[in-house]
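Engineer: To be precise about what I am sending: the file is called work09.cif and holds mmCIF, C-alpha atoms, pLDDT in the B column; chains and numbers go by the auth columns.
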data_coords
#
loop_
_atom_site.group_PDB
_atom_site.id
_atom_site.type_symbol
_atom_site.label_atom_id
_atom_site.label_comp_id
_atom_site.label_asym_id
_atom_site.label_seq_id
_atom_site.Cartn_x
_atom_site.Cartn_y
_atom_site.Cartn_z
_atom_site.B_iso_or_equiv
_atom_site.auth_seq_id
_atom_site.auth_asym_id
ATOM 1 C CA MET A 1 -168.611 -46.850 221.710 50.00 1 A
ATOM 2 C CA SER A 2 -171.382 -49.337 220.958 49.00 2 A
ATOM 3 C CA GLU A 3 -170.835 -53.075 220.936 50.00 3 A
ATOM 4 C CA SER A 4 -171.844 -53.221 217.270 47.00 4 A
ATOM 5 C CA ARG A 5 -169.198 -50.674 216.369 51.00 5 A
ATOM 6 C CA ALA A 6 -166.574 -52.590 218.317 50.00 6 A
ATOM 7 C CA SER A 7 -167.600 -55.697 216.381 52.00 7 A
ATOM 8 C CA ALA A 8 -167.144 -53.766 213.166 52.00 8 A
ATOM 9 C CA ALA A 9 -163.552 -53.131 214.232 53.00 9 A
ATOM 10 C CA ARG A 10 -162.880 -56.840 214.329 54.00 10 A
ATOM 11 C CA SER A 11 -164.398 -57.469 210.919 52.00 11 A
ATOM 12 C CA GLU A 12 -163.172 -54.446 209.007 55.00 12 A
ATOM 13 C CA VAL A 13 -159.489 -54.700 209.947 54.00 13 A
ATOM 14 C CA SER A 14 -159.317 -58.474 209.658 51.00 14 A
ATOM 15 C CA GLN A 15 -157.958 -60.451 206.733 47.00 15 A
ATOM 16 C CA ASP A 16 -160.925 -62.835 206.691 50.00 16 A
ATOM 17 C CA ASP A 17 -162.881 -61.376 203.776 48.00 17 A
ATOM 18 C CA ALA A 18 -163.708 -64.297 201.538 43.00 18 A
ATOM 19 C CA GLU A 19 -166.182 -62.272 199.512 43.00 19 A
ATOM 20 C CA SER A 20 -163.524 -59.840 198.361 43.00 20 A
ATOM 21 C CA GLU A 21 -161.740 -60.735 195.153 35.00 21 A
ATOM 22 C CA GLU A 22 -158.723 -58.706 196.094 44.00 22 A
ATOM 23 C CA GLN A 23 -157.376 -58.332 199.614 47.00 23 A
ATOM 24 C CA ILE A 24 -156.587 -54.738 200.491 77.00 24 A
ATOM 25 C CA GLN A 25 -153.598 -54.484 202.788 88.00 25 A
ATOM 26 C CA PRO A 26 -154.709 -52.582 205.899 96.00 26 A
ATOM 27 C CA VAL A 27 -153.074 -49.272 206.703 98.00 27 A
ATOM 28 C CA VAL A 28 -154.098 -48.591 210.290 98.00 28 A
ATOM 29 C CA ALA A 29 -153.624 -45.268 212.055 98.00 29 A
ATOM 30 C CA VAL A 30 -153.423 -45.576 215.833 98.00 30 A
ATOM 31 C CA ILE A 31 -153.998 -42.192 217.448 98.00 31 A
ATOM 32 C CA LEU A 32 -152.703 -42.043 221.005 97.00 32 A
ATOM 33 C CA ALA A 33 -154.802 -39.730 223.174 95.00 33 A
ATOM 34 C CA ALA A 34 -154.461 -41.359 226.592 92.00 34 A
ATOM 35 C CA GLY A 35 -151.906 -38.973 228.072 84.00 35 A
ATOM 36 C CA LEU A 36 -152.953 -36.981 231.132 74.00 36 A
ATOM 37 C CA GLY A 37 -151.174 -33.812 229.992 63.00 37 A
ATOM 38 C CA VAL A 38 -150.362 -32.636 233.516 60.00 38 A
ATOM 39 C CA ARG A 39 -147.754 -30.182 232.192 64.00 39 A
ATOM 40 C CA PHE A 40 -150.465 -28.462 230.178 71.00 40 A
ATOM 41 C CA ASP A 41 -153.401 -28.194 232.571 70.00 41 A
ATOM 42 C CA GLU A 42 -154.417 -31.058 234.830 70.00 42 A
ATOM 43 C CA ASN A 43 -157.987 -29.757 234.861 75.00 43 A
ATOM 44 C CA ASN A 44 -158.302 -29.295 231.102 80.00 44 A
ATOM 45 C CA PRO A 45 -157.254 -32.267 228.932 89.00 45 A
ATOM 46 C CA LYS A 46 -155.213 -30.816 226.090 91.00 46 A
ATOM 47 C CA GLN A 47 -156.575 -33.370 223.591 93.00 47 A
ATOM 48 C CA LEU A 48 -159.887 -31.499 223.823 94.00 48 A
ATOM 49 C CA VAL A 49 -158.573 -27.937 223.892 94.00 49 A
ATOM 50 C CA GLN A 50 -159.751 -25.880 220.933 94.00 50 A
ATOM 51 C CA VAL A 51 -157.218 -24.824 218.302 96.00 51 A
ATOM 52 C CA GLY A 52 -158.417 -23.042 215.206 95.00 52 A
ATOM 53 C CA GLY A 53 -162.003 -23.637 216.225 94.00 53 A
ATOM 54 C CA LYS A 54 -161.908 -27.378 216.877 95.00 54 A
ATOM 55 C CA PRO A 55 -160.428 -29.785 219.449 96.00 55 A
ATOM 56 C CA ILE A 56 -156.769 -30.699 219.004 96.00 56 A
ATOM 57 C CA ILE A 57 -157.614 -34.391 218.642 97.00 57 A
ATOM 58 C CA THR A 58 -160.054 -33.623 215.827 97.00 58 A
ATOM 59 C CA TRP A 59 -157.217 -32.200 213.740 97.00 59 A
ATOM 60 C CA SER A 60 -155.271 -35.448 214.138 97.00 60 A
ATOM 61 C CA ILE A 61 -158.226 -37.697 213.318 98.00 61 A
ATOM 62 C CA ASP A 62 -159.064 -35.530 210.296 97.00 62 A
ATOM 63 C CA ALA A 63 -155.539 -35.932 208.907 98.00 63 A
ATOM 64 C CA PHE A 64 -155.829 -39.718 208.702 98.00 64 A
ATOM 65 C CA GLN A 65 -159.515 -39.791 207.822 98.00 65 A
ATOM 66 C CA SER A 66 -158.819 -37.659 204.757 97.00 66 A
ATOM 67 C CA ASN A 67 -155.925 -39.825 203.537 98.00 67 A
ATOM 68 C CA ASP A 68 -157.207 -42.194 200.849 97.00 68 A
ATOM 69 C CA ARG A 69 -154.568 -44.817 201.698 97.00 69 A
ATOM 70 C CA VAL A 70 -155.468 -45.135 205.386 98.00 70 A
ATOM 71 C CA THR A 71 -158.076 -47.871 205.776 97.00 71 A
ATOM 72 C CA ASP A 72 -158.733 -47.918 209.523 97.00 72 A
ATOM 73 C CA ILE A 73 -158.315 -45.697 212.575 98.00 73 A
ATOM 74 C CA LEU A 74 -158.113 -46.700 216.246 98.00 74 A
ATOM 75 C CA VAL A 75 -158.187 -44.030 218.943 98.00 75 A
ATOM 76 C CA VAL A 76 -156.629 -44.756 222.342 97.00 76 A
ATOM 77 C CA VAL A 77 -157.985 -42.688 225.230 96.00 77 A
ATOM 78 C CA ASN A 78 -158.173 -42.348 228.989 94.00 78 A
ATOM 79 C CA ASP A 79 -161.345 -42.174 231.073 93.00 79 A
ATOM 80 C CA ARG A 80 -161.328 -38.370 231.252 92.00 80 A
ATOM 81 C CA VAL A 81 -161.629 -37.876 227.504 94.00 81 A
ATOM 82 C CA ARG A 82 -163.421 -41.052 226.393 95.00 82 A
ATOM 83 C CA GLU A 83 -166.954 -39.651 226.340 96.00 83 A
ATOM 84 C CA ALA A 84 -165.937 -36.519 224.437 95.00 84 A
ATOM 85 C CA VAL A 85 -163.856 -38.464 221.909 96.00 85 A
ATOM 86 C CA GLU A 86 -166.626 -40.992 221.333 97.00 86 A
ATOM 87 C CA ALA A 87 -169.007 -38.110 220.663 96.00 87 A
ATOM 88 C CA ILE A 88 -166.568 -36.650 218.118 96.00 88 A
ATOM 89 C CA VAL A 89 -166.075 -39.879 216.179 96.00 89 A
ATOM 90 C CA ALA A 90 -169.779 -40.754 216.265 95.00 90 A
ATOM 91 C CA ASP A 91 -170.159 -38.300 213.396 88.00 91 A
ATOM 92 C CA ASP A 92 -170.599 -40.155 210.108 88.00 92 A
ATOM 93 C CA THR A 93 -167.668 -38.149 208.759 91.00 93 A
ATOM 94 C CA TYR A 94 -165.346 -40.492 210.616 96.00 94 A
ATOM 95 C CA ASP A 95 -166.243 -43.762 208.939 96.00 95 A
ATOM 96 C CA LYS A 96 -162.676 -45.072 209.227 97.00 96 A
ATOM 97 C CA VAL A 97 -162.699 -44.957 213.037 97.00 97 A
ATOM 98 C CA ARG A 98 -163.372 -48.552 214.056 96.00 98 A
ATOM 99 C CA THR A 99 -163.252 -48.235 217.822 96.00 99 A
ATOM 100 C CA VAL A 100 -162.104 -46.163 220.778 97.00 100 A
ATOM 101 C CA ILE A 101 -160.081 -48.203 223.265 97.00 101 A
ATOM 102 C CA GLN A 102 -158.717 -47.692 226.747 95.00 102 A
ATOM 103 C CA GLY A 103 -155.052 -46.771 227.027 93.00 103 A
ATOM 104 C CA GLY A 104 -152.644 -47.143 229.902 90.00 104 A
ATOM 105 C CA ILE A 105 -150.623 -45.104 232.350 87.00 105 A
ATOM 106 C CA GLU A 106 -147.616 -44.840 230.029 90.00 106 A
ATOM 107 C CA ARG A 107 -147.346 -44.477 226.272 90.00 107 A
ATOM 108 C CA MET A 108 -145.978 -48.009 226.015 92.00 108 A
ATOM 109 C CA ASP A 109 -149.128 -49.329 227.713 93.00 109 A
ATOM 110 C CA SER A 110 -151.336 -47.528 225.209 95.00 110 A
ATOM 111 C CA THR A 111 -149.485 -48.897 222.201 96.00 111 A
ATOM 112 C CA GLU A 112 -149.643 -52.390 223.694 96.00 112 A
ATOM 113 C CA ALA A 113 -153.412 -52.018 224.116 96.00 113 A
ATOM 114 C CA ALA A 114 -153.727 -51.074 220.446 97.00 114 A
ATOM 115 C CA LEU A 115 -151.548 -53.990 219.353 97.00 115 A
ATOM 116 C CA GLN A 116 -153.673 -56.423 221.342 97.00 116 A
ATOM 117 C CA THR A 117 -156.876 -55.018 219.865 97.00 117 A
ATOM 118 C CA LEU A 118 -155.477 -55.461 216.365 97.00 118 A
ATOM 119 C CA ALA A 119 -154.246 -58.969 217.159 97.00 119 A
ATOM 120 C CA ASP A 120 -157.717 -59.884 218.429 96.00 120 A
ATOM 121 C CA ALA A 121 -159.089 -58.584 215.132 95.00 121 A
ATOM 122 C CA GLU A 122 -156.717 -60.959 213.313 95.00 122 A
ATOM 123 C CA ILE A 123 -155.035 -58.154 211.443 96.00 123 A
ATOM 124 C CA PRO A 124 -152.546 -59.407 208.807 96.00 124 A
ATOM 125 C CA GLN A 125 -148.986 -59.655 210.060 96.00 125 A
ATOM 126 C CA ASP A 126 -147.766 -57.440 207.226 96.00 126 A
ATOM 127 C CA ALA A 127 -150.338 -54.693 207.844 98.00 127 A
ATOM 128 C CA LYS A 128 -148.957 -51.182 208.039 98.00 128 A
ATOM 129 C CA LEU A 129 -149.374 -49.296 211.316 98.00 129 A
ATOM 130 C CA LEU A 130 -149.002 -45.554 211.775 98.00 130 A
ATOM 131 C CA ILE A 131 -148.705 -44.596 215.462 98.00 131 A
ATOM 132 C CA HIS A 132 -149.473 -40.910 215.985 98.00 132 A
ATOM 133 C CA ASP A 133 -149.614 -38.550 218.965 96.00 133 A
ATOM 134 C CA ALA A 134 -153.049 -36.962 219.133 96.00 134 A
ATOM 135 C CA VAL A 135 -151.463 -33.704 220.282 96.00 135 A
ATOM 136 C CA ARG A 136 -149.516 -33.296 217.034 97.00 136 A
ATOM 137 C CA PRO A 137 -152.507 -31.826 215.211 97.00 137 A
ATOM 138 C CA PHE A 138 -150.774 -30.524 212.096 97.00 138 A
ATOM 139 C CA VAL A 139 -149.212 -33.640 210.588 97.00 139 A
ATOM 140 C CA SER A 140 -148.961 -33.289 206.819 97.00 140 A
ATOM 141 C CA GLN A 141 -150.254 -35.645 204.175 97.00 141 A
ATOM 142 C CA GLU A 142 -146.714 -35.777 202.787 98.00 142 A
ATOM 143 C CA SER A 143 -145.447 -37.249 206.053 98.00 143 A
ATOM 144 C CA ILE A 144 -148.300 -39.740 206.272 98.00 144 A
ATOM 145 C CA ASN A 145 -147.742 -40.904 202.699 98.00 145 A
ATOM 146 C CA GLY A 146 -143.989 -40.959 203.260 98.00 146 A
ATOM 147 C CA CYS A 147 -144.463 -43.417 206.129 98.00 147 A
ATOM 148 C CA ILE A 148 -146.758 -45.644 204.088 98.00 148 A
ATOM 149 C CA ASP A 149 -144.280 -45.663 201.207 97.00 149 A
ATOM 150 C CA ALA A 150 -141.282 -46.320 203.465 98.00 150 A
ATOM 151 C CA LEU A 151 -142.909 -49.526 204.706 98.00 151 A
ATOM 152 C CA ASP A 152 -142.704 -50.927 201.175 97.00 152 A
ATOM 153 C CA THR A 153 -138.928 -51.180 201.705 97.00 153 A
ATOM 154 C CA PHE A 154 -138.464 -51.128 205.492 98.00 154 A
ATOM 155 C CA ASN A 155 -140.308 -52.695 208.408 98.00 155 A
ATOM 156 C CA ALA A 156 -140.059 -49.526 210.484 98.00 156 A
ATOM 157 C CA ALA A 157 -139.936 -45.793 209.826 98.00 157 A
ATOM 158 C CA THR A 158 -140.326 -42.539 211.712 98.00 158 A
ATOM 159 C CA VAL A 159 -141.082 -38.974 210.794 98.00 159 A
ATOM 160 C CA ALA A 160 -138.277 -36.676 211.911 97.00 160 A
ATOM 161 C CA VAL A 161 -136.738 -33.287 211.175 96.00 161 A
ATOM 162 C CA ALA A 162 -133.052 -32.477 211.019 94.00 162 A
ATOM 163 C CA SER A 163 -131.826 -30.585 214.040 92.00 163 A
ATOM 164 C CA THR A 164 -130.801 -27.005 213.361 91.00 164 A
ATOM 165 C CA ASP A 165 -129.251 -26.753 216.821 92.00 165 A
ATOM 166 C CA THR A 166 -126.053 -28.305 218.067 93.00 166 A
ATOM 167 C CA MET A 167 -126.991 -31.183 220.361 92.00 167 A
ATOM 168 C CA LEU A 168 -125.166 -31.929 223.596 94.00 168 A
ATOM 169 C CA MET A 169 -124.811 -35.333 225.247 93.00 169 A
ATOM 170 C CA ALA A 170 -124.637 -34.716 228.983 96.00 170 A
ATOM 171 C CA GLY A 171 -123.681 -36.608 232.105 96.00 171 A
ATOM 172 C CA ASP A 172 -123.701 -36.018 235.839 96.00 172 A
ATOM 173 C CA LEU A 173 -120.884 -34.377 237.758 95.00 173 A
ATOM 174 C CA GLY A 174 -122.042 -34.018 241.314 93.00 174 A
ATOM 175 C CA GLU A 175 -125.287 -32.051 241.266 94.00 175 A
ATOM 176 C CA ARG A 176 -124.607 -30.494 237.868 96.00 176 A
ATOM 177 C CA LYS A 177 -125.071 -31.755 234.328 96.00 177 A
ATOM 178 C CA VAL A 178 -121.938 -31.433 232.201 97.00 178 A
ATOM 179 C CA VAL A 179 -121.257 -31.941 228.492 96.00 179 A
ATOM 180 C CA ARG A 180 -119.804 -35.362 227.700 96.00 180 A
ATOM 181 C CA GLN A 181 -120.063 -35.343 223.914 94.00 181 A
ATOM 182 C CA VAL A 182 -121.028 -33.043 221.036 94.00 182 A
ATOM 183 C CA PRO A 183 -122.417 -35.262 218.247 92.00 183 A
ATOM 184 C CA ASP A 184 -122.151 -34.321 214.586 91.00 184 A
ATOM 185 C CA ARG A 185 -125.219 -32.198 213.886 89.00 185 A
ATOM 186 C CA ASP A 186 -125.564 -33.657 210.382 89.00 186 A
ATOM 187 C CA ASN A 187 -126.691 -36.928 211.960 90.00 187 A
ATOM 188 C CA MET A 188 -129.006 -35.467 214.584 93.00 188 A
ATOM 189 C CA PHE A 189 -132.784 -35.457 214.080 95.00 189 A
ATOM 190 C CA ARG A 190 -135.792 -34.575 216.209 94.00 190 A
ATOM 191 C CA ALA A 191 -138.343 -37.374 216.279 95.00 191 A
ATOM 192 C CA GLN A 192 -141.963 -36.681 215.440 97.00 192 A
ATOM 193 C CA THR A 193 -144.950 -38.862 214.627 98.00 193 A
ATOM 194 C CA PRO A 194 -146.376 -40.802 212.944 98.00 194 A
ATOM 195 C CA GLN A 195 -143.984 -43.656 213.532 98.00 195 A
ATOM 196 C CA ALA A 196 -144.689 -46.520 211.172 98.00 196 A
ATOM 197 C CA PHE A 197 -144.229 -50.270 211.402 98.00 197 A
ATOM 198 C CA ARG A 198 -145.277 -53.556 209.929 98.00 198 A
ATOM 199 C CA PHE A 199 -147.569 -55.067 212.532 98.00 199 A
ATOM 200 C CA SER A 200 -145.403 -58.167 213.079 98.00 200 A
ATOM 201 C CA THR A 201 -142.284 -56.042 213.630 98.00 201 A
ATOM 202 C CA LEU A 202 -143.776 -53.806 216.292 98.00 202 A
ATOM 203 C CA ARG A 203 -145.526 -56.718 217.996 97.00 203 A
ATOM 204 C CA LYS A 204 -142.255 -58.651 218.192 97.00 204 A
ATOM 205 C CA ALA A 205 -140.407 -55.652 219.626 97.00 205 A
ATOM 206 C CA TYR A 206 -143.074 -55.135 222.279 96.00 206 A
ATOM 207 C CA ASP A 207 -143.105 -58.817 223.191 96.00 207 A
ATOM 208 C CA LEU A 208 -139.359 -58.608 223.811 96.00 208 A
ATOM 209 C CA ALA A 209 -139.703 -55.354 225.761 95.00 209 A
ATOM 210 C CA ALA A 210 -142.301 -56.903 228.062 91.00 210 A
ATOM 211 C CA ALA A 211 -139.557 -58.969 229.685 91.00 211 A
ATOM 212 C CA ASP A 212 -137.937 -55.805 231.100 91.00 212 A
ATOM 213 C CA PRO A 213 -140.164 -54.017 233.651 87.00 213 A
ATOM 214 C CA ASP A 214 -137.619 -51.196 233.947 89.00 214 A
ATOM 215 C CA PHE A 215 -137.896 -50.261 230.259 91.00 215 A
ATOM 216 C CA HIS A 216 -139.974 -47.087 229.870 90.00 216 A
ATOM 217 C CA PRO A 217 -139.596 -45.745 226.314 89.00 217 A
ATOM 218 C CA THR A 218 -141.147 -42.450 225.331 88.00 218 A
ATOM 219 C CA ASP A 219 -141.820 -43.495 221.760 92.00 219 A
ATOM 220 C CA ASP A 220 -142.283 -46.632 219.683 96.00 220 A
ATOM 221 C CA THR A 221 -139.185 -46.180 217.556 97.00 221 A
ATOM 222 C CA ARG A 222 -137.039 -46.685 220.623 96.00 222 A
ATOM 223 C CA VAL A 223 -138.745 -50.004 221.346 97.00 223 A
ATOM 224 C CA VAL A 224 -137.726 -51.280 217.907 97.00 224 A
ATOM 225 C CA VAL A 225 -134.220 -49.773 218.024 97.00 225 A
ATOM 226 C CA ASP A 226 -133.517 -51.221 221.490 96.00 226 A
ATOM 227 C CA ARG A 227 -135.190 -54.621 221.113 97.00 227 A
ATOM 228 C CA LEU A 228 -134.574 -55.267 217.409 97.00 228 A
ATOM 229 C CA PRO A 229 -131.209 -53.563 216.845 96.00 229 A
ATOM 230 C CA GLU A 230 -130.691 -55.241 213.458 97.00 230 A
ATOM 231 C CA GLU A 231 -133.954 -53.746 212.137 98.00 231 A
ATOM 232 C CA PRO A 232 -133.287 -50.450 210.316 98.00 232 A
ATOM 233 C CA VAL A 233 -135.700 -47.591 210.952 98.00 233 A
ATOM 234 C CA ALA A 234 -136.070 -45.288 207.949 98.00 234 A
ATOM 235 C CA ILE A 235 -136.370 -41.524 208.423 98.00 235 A
ATOM 236 C CA VAL A 236 -139.296 -39.803 206.712 98.00 236 A
ATOM 237 C CA ALA A 237 -139.214 -36.039 206.268 96.00 237 A
ATOM 238 C CA GLY A 238 -141.196 -34.175 208.874 96.00 238 A
ATOM 239 C CA SER A 239 -142.016 -30.507 209.267 95.00 239 A
ATOM 240 C CA VAL A 240 -141.469 -27.784 211.832 94.00 240 A
ATOM 241 C CA THR A 241 -145.245 -27.280 211.822 96.00 241 A
ATOM 242 C CA ASN A 242 -145.774 -30.864 213.007 97.00 242 A
ATOM 243 C CA MET A 243 -145.413 -29.608 216.545 96.00 243 A
ATOM 244 C CA LYS A 244 -146.358 -31.407 219.728 95.00 244 A
ATOM 245 C CA ILE A 245 -148.539 -29.311 221.999 94.00 245 A
ATOM 246 C CA THR A 246 -147.109 -29.861 225.459 91.00 246 A
ATOM 247 C CA LEU A 247 -147.363 -26.588 227.379 91.00 247 A
ATOM 248 C CA PRO A 248 -149.821 -23.672 227.409 91.00 248 A
ATOM 249 C CA SER A 249 -147.022 -21.582 225.905 93.00 249 A
ATOM 250 C CA ASP A 250 -147.285 -23.728 222.749 94.00 250 A
ATOM 251 C CA MET A 251 -150.793 -22.470 222.030 94.00 251 A
ATOM 252 C CA PRO A 252 -149.962 -19.175 220.275 96.00 252 A
ATOM 253 C CA MET A 253 -147.802 -21.036 217.749 96.00 253 A
ATOM 254 C CA ALA A 254 -150.502 -23.685 217.322 96.00 254 A
ATOM 255 C CA GLU A 255 -153.122 -21.019 216.635 96.00 255 A
ATOM 256 C CA TRP A 256 -150.815 -19.375 214.100 96.00 256 A
ATOM 257 C CA ILE A 257 -150.320 -22.681 212.266 96.00 257 A
ATOM 258 C CA ALA A 258 -154.063 -23.340 212.322 96.00 258 A
ATOM 259 C CA ARG A 259 -154.747 -19.926 210.771 94.00 259 A
ATOM 260 C CA SER A 260 -152.063 -20.549 208.137 92.00 260 A
ATOM 261 C CA LEU A 261 -153.605 -23.872 207.151 90.00 261 A
ATOM 262 C CA ALA A 262 -157.025 -22.275 206.926 82.00 262 A
ATOM 263 C CA GLY A 263 -155.587 -19.906 204.337 72.00 263 A
#
Please render this file's structure as structure tokens.

Structural biologist:
Amino acid sequence: MSESRASAARSEVSQDDAESEEQIQPVVAVILAAGLGVRFDENNPKQLVQVGGKPIITWSIDAFQSNDRVTDILVVVNDRVREAVEAIVADDTYDKVRTVIQGGIERMDSTEAALQTLADAEIPQDAKLLIHDAVRPFVSQESINGCIDALDTFNAATVAVASTDTMLMAGDLGERKVVRQVPDRDNMFRAQTPQAFRFSTLRKAYDLAAADPDFHPTDDTRVVVDRLPEEPVAIVAGSVTNMKITLPSDMPMAEWIARSLAG
């Protein structure tokens, strides 16, 4: 990514726009694509694997690029995929992509890198952030808009789908896992992304989490729930097609969804 484009990131997501008569509240999509995907194929980064004729990450970027309410996109990558991702977003089609930044070893590190980039750009504290897994290529516009709308009332929200399976809370008994509790299925949901936050809320939660080196959350909602327990997190309706591609065995379903969306 060129230096001039990185500079554009600082200007276009900042609140310092004296020439504008009306300040547009930023809605920033942060697409996390820094995972190594070792369970998929350590020699073939899944972010770049073709589904329905285009790389998985392209589907995710397209979803936010095409949403009229999303103002800016940041893409978080690792070294293995950076060059390919930068080539993808260099297309003029992706005029909302402000910059491609380096992620970290864990998901938490990648979100922190995005938060710091936005802070350096002097993003407004009440800006809306949508944190999305790059390998959930089929996120719907309804879910994206649902997150944006939810942040009018709440400071945090997550896309999720109600569990159709009975969930079991387990514990250890010797070398075997045993059932400790069977929660009420009516209150059980499967988390998806995007997960949405006011910038100040997520930044505060991460600042608090930084004090605990043993805290390794697998998603951003948990950071808010654990570190800001008084902050409610709204649930936005997700979809069974908003799948996360994790294993090679997920690919047939992903191809089927891609064909369905193509009509």

Engineer: Residues within 10 Å of (-148.2, -35.2, 203.6), file coordinates, counting only C-alpha atoms: what are they? Give the list as an MDAnalysis selection string.

Structural biologist: chainID A and resid 63 67 139:147 237:239

Engineer: Need the shell around range 181-196 of chain A: protein/DNA/RNA residues with any atom at most 8 Å away, counting all atoms listed in the file. Skip same-chain ones fewer than 6 positions apart. Format as a ChimeraX atom specification?

Structural biologist: /A:128-133,136,139,143-144,147-148,151,156-170,220-221,238,242-243

Engineer: Given the file above and the PyMOL selection byres ((chain A and resi 81) around 12), which residues are selected, and can you give them as a count of residues only?

Structural biologist: 32

Engineer: Phe40 in chain A: which residues within 10 Å, counting only C-alpha atoms, same-chain residues fewer than 5 positions away excluded, as a list in words?

Structural biologist: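 Close residues of Phe40 in chain A: Pro45, Lys46, Ile245, Thr246, Leu247, Pro248, Ser249 and Asp250 of chain A.
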
Engineer: Between A:Trp256, A:Ile31, A:Ser200, A:Val236, which residue has the minimum interatomic distance to Glu122 in chain A, considering all atoms listed in the file?

Structural biologist: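 Result for the nearest residue to Glu122 in chain A: A:Ser200.
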
Engineer: Got a sec: who's within 10 Å of Thr93 in chain A, counting only C-alpha atoms, leaving out chain neighbours fewer than 5 positions off, as a compact mmCIF listing (two decimals) with C-alpha atoms, in the coordinates of the input?

Structural biologist:
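Heads up, here's the output in selection-v5.txt:
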# COMPACT_ATOMS: atom_id res chain seq x y z
CA ASP A 62 -159.06 -35.53 210.30
CA GLN A 65 -159.51 -39.79 207.82
CA SER A 66 -158.82 -37.66 204.76
CA ILE A 88 -166.57 -36.65 218.12

Engineer: Could you state the separation of CA of Gly52 in chain A and CA of Asp92 in chain A in Å, given to one decimal place?

Structural biologist: 21.6 Å

Engineer: Contacts of Lys204 in chain A at 10 Å or less, counting all atoms listed in the file, minus same-chain residues fewer than 5 places along, as an NGL selection string?

Structural biologist: :A and (199 or 209 or 223-224 or 227-228)

Engineer: Translate the PyMOL selection byres ((chain A and resi 95) around 12) into a concrete residue list for this structure, as a list in words.

Structural biologist: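 Against this file, the PyMOL selection byres ((chain A and resi 95) around 12) returns the residues Arg5, Ala8, Ala9, Glu12, Ile61, Asp62, Phe64, Gln65, Ser66, Val70, Thr71, Asp72, Ile73, Leu74, Ile88, Val89, Ala90, Asp91, Asp92, Thr93, Tyr94, Lys96, Val97, Arg98 and Thr99 of chain A.
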
Engineer: Taking 3 positions as the minimum chain separation for residues in the same chain, which residues sit within 12 Å of Ala262 in chain A when counting only C-alpha atoms? Answer as a list in words.

Structural biologist: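 Answer for this query is Val51, Gly52, Gly53, Phe138, Glu255, Trp256, Ile257, Ala258 and Arg259 of chain A.
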
Engineer: Nearest residue to Thr201 in chain A out of A:Thr58, A:Ser260, A:Gln125, A:Thr153, using all atoms listed in the file?

Structural biologist: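 Nearest candidate to Thr201 in chain A out of A:Thr58, A:Ser260, A:Gln125, A:Thr153: A:Gln125.
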
Engineer: As an exercise, work out the distance from CA of Asp149 in chain A to CA of Ile123 in chain A in Å and give it to one decimal place.

Structural biologist: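 Atom-to-atom, CA of Asp149 in chain A and CA of Ile123 in chain A are spaced 19.4 Å apart.
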
Engineer: Determine the nearest neighbour of Glu112 in chain A from the options A:Pro252, A:Gly263, A:Gly174, A:Val30, counting only C-alpha atoms.

Structural biologist: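 Comparing A:Pro252, A:Gly263, A:Gly174, A:Val30 against Glu112 in chain A, the winner is A:Val30.
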
Engineer: How many Å lie between CA of Glu42 in chain A and CA of Ile56 in chain A, rounded to one decimal?

Structural biologist: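 The value is 16.0 Å.
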
Engineer: With only C-alpha atoms as the atoms that count, which of A:Phe154, A:Arg107, A:Gly171, A:Ala113 lies nearest to Ile235 in chain A?

Structural biologist: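 Among the listed residues, A:Phe154 lies closest to Ile235 in chain A.
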
Engineer: For a quick check of understanding, using all atoms listed in the file, which of A:Ala234, A:Leu261, A:Ile24, A:Ile105 has the smallest distance to Ala150 in chain A?

Structural biologist: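 With all atoms listed in the file as the atom set, the closest residue is A:Ala234.
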
Engineer: Using all atoms listed in the file, can you tell me which of A:Leu173, A:Gln25, A:Thr111, A:Pro124 comes closest to Arg69 in chain A?

Structural biologist: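 Closest candidate: A:Gln25.
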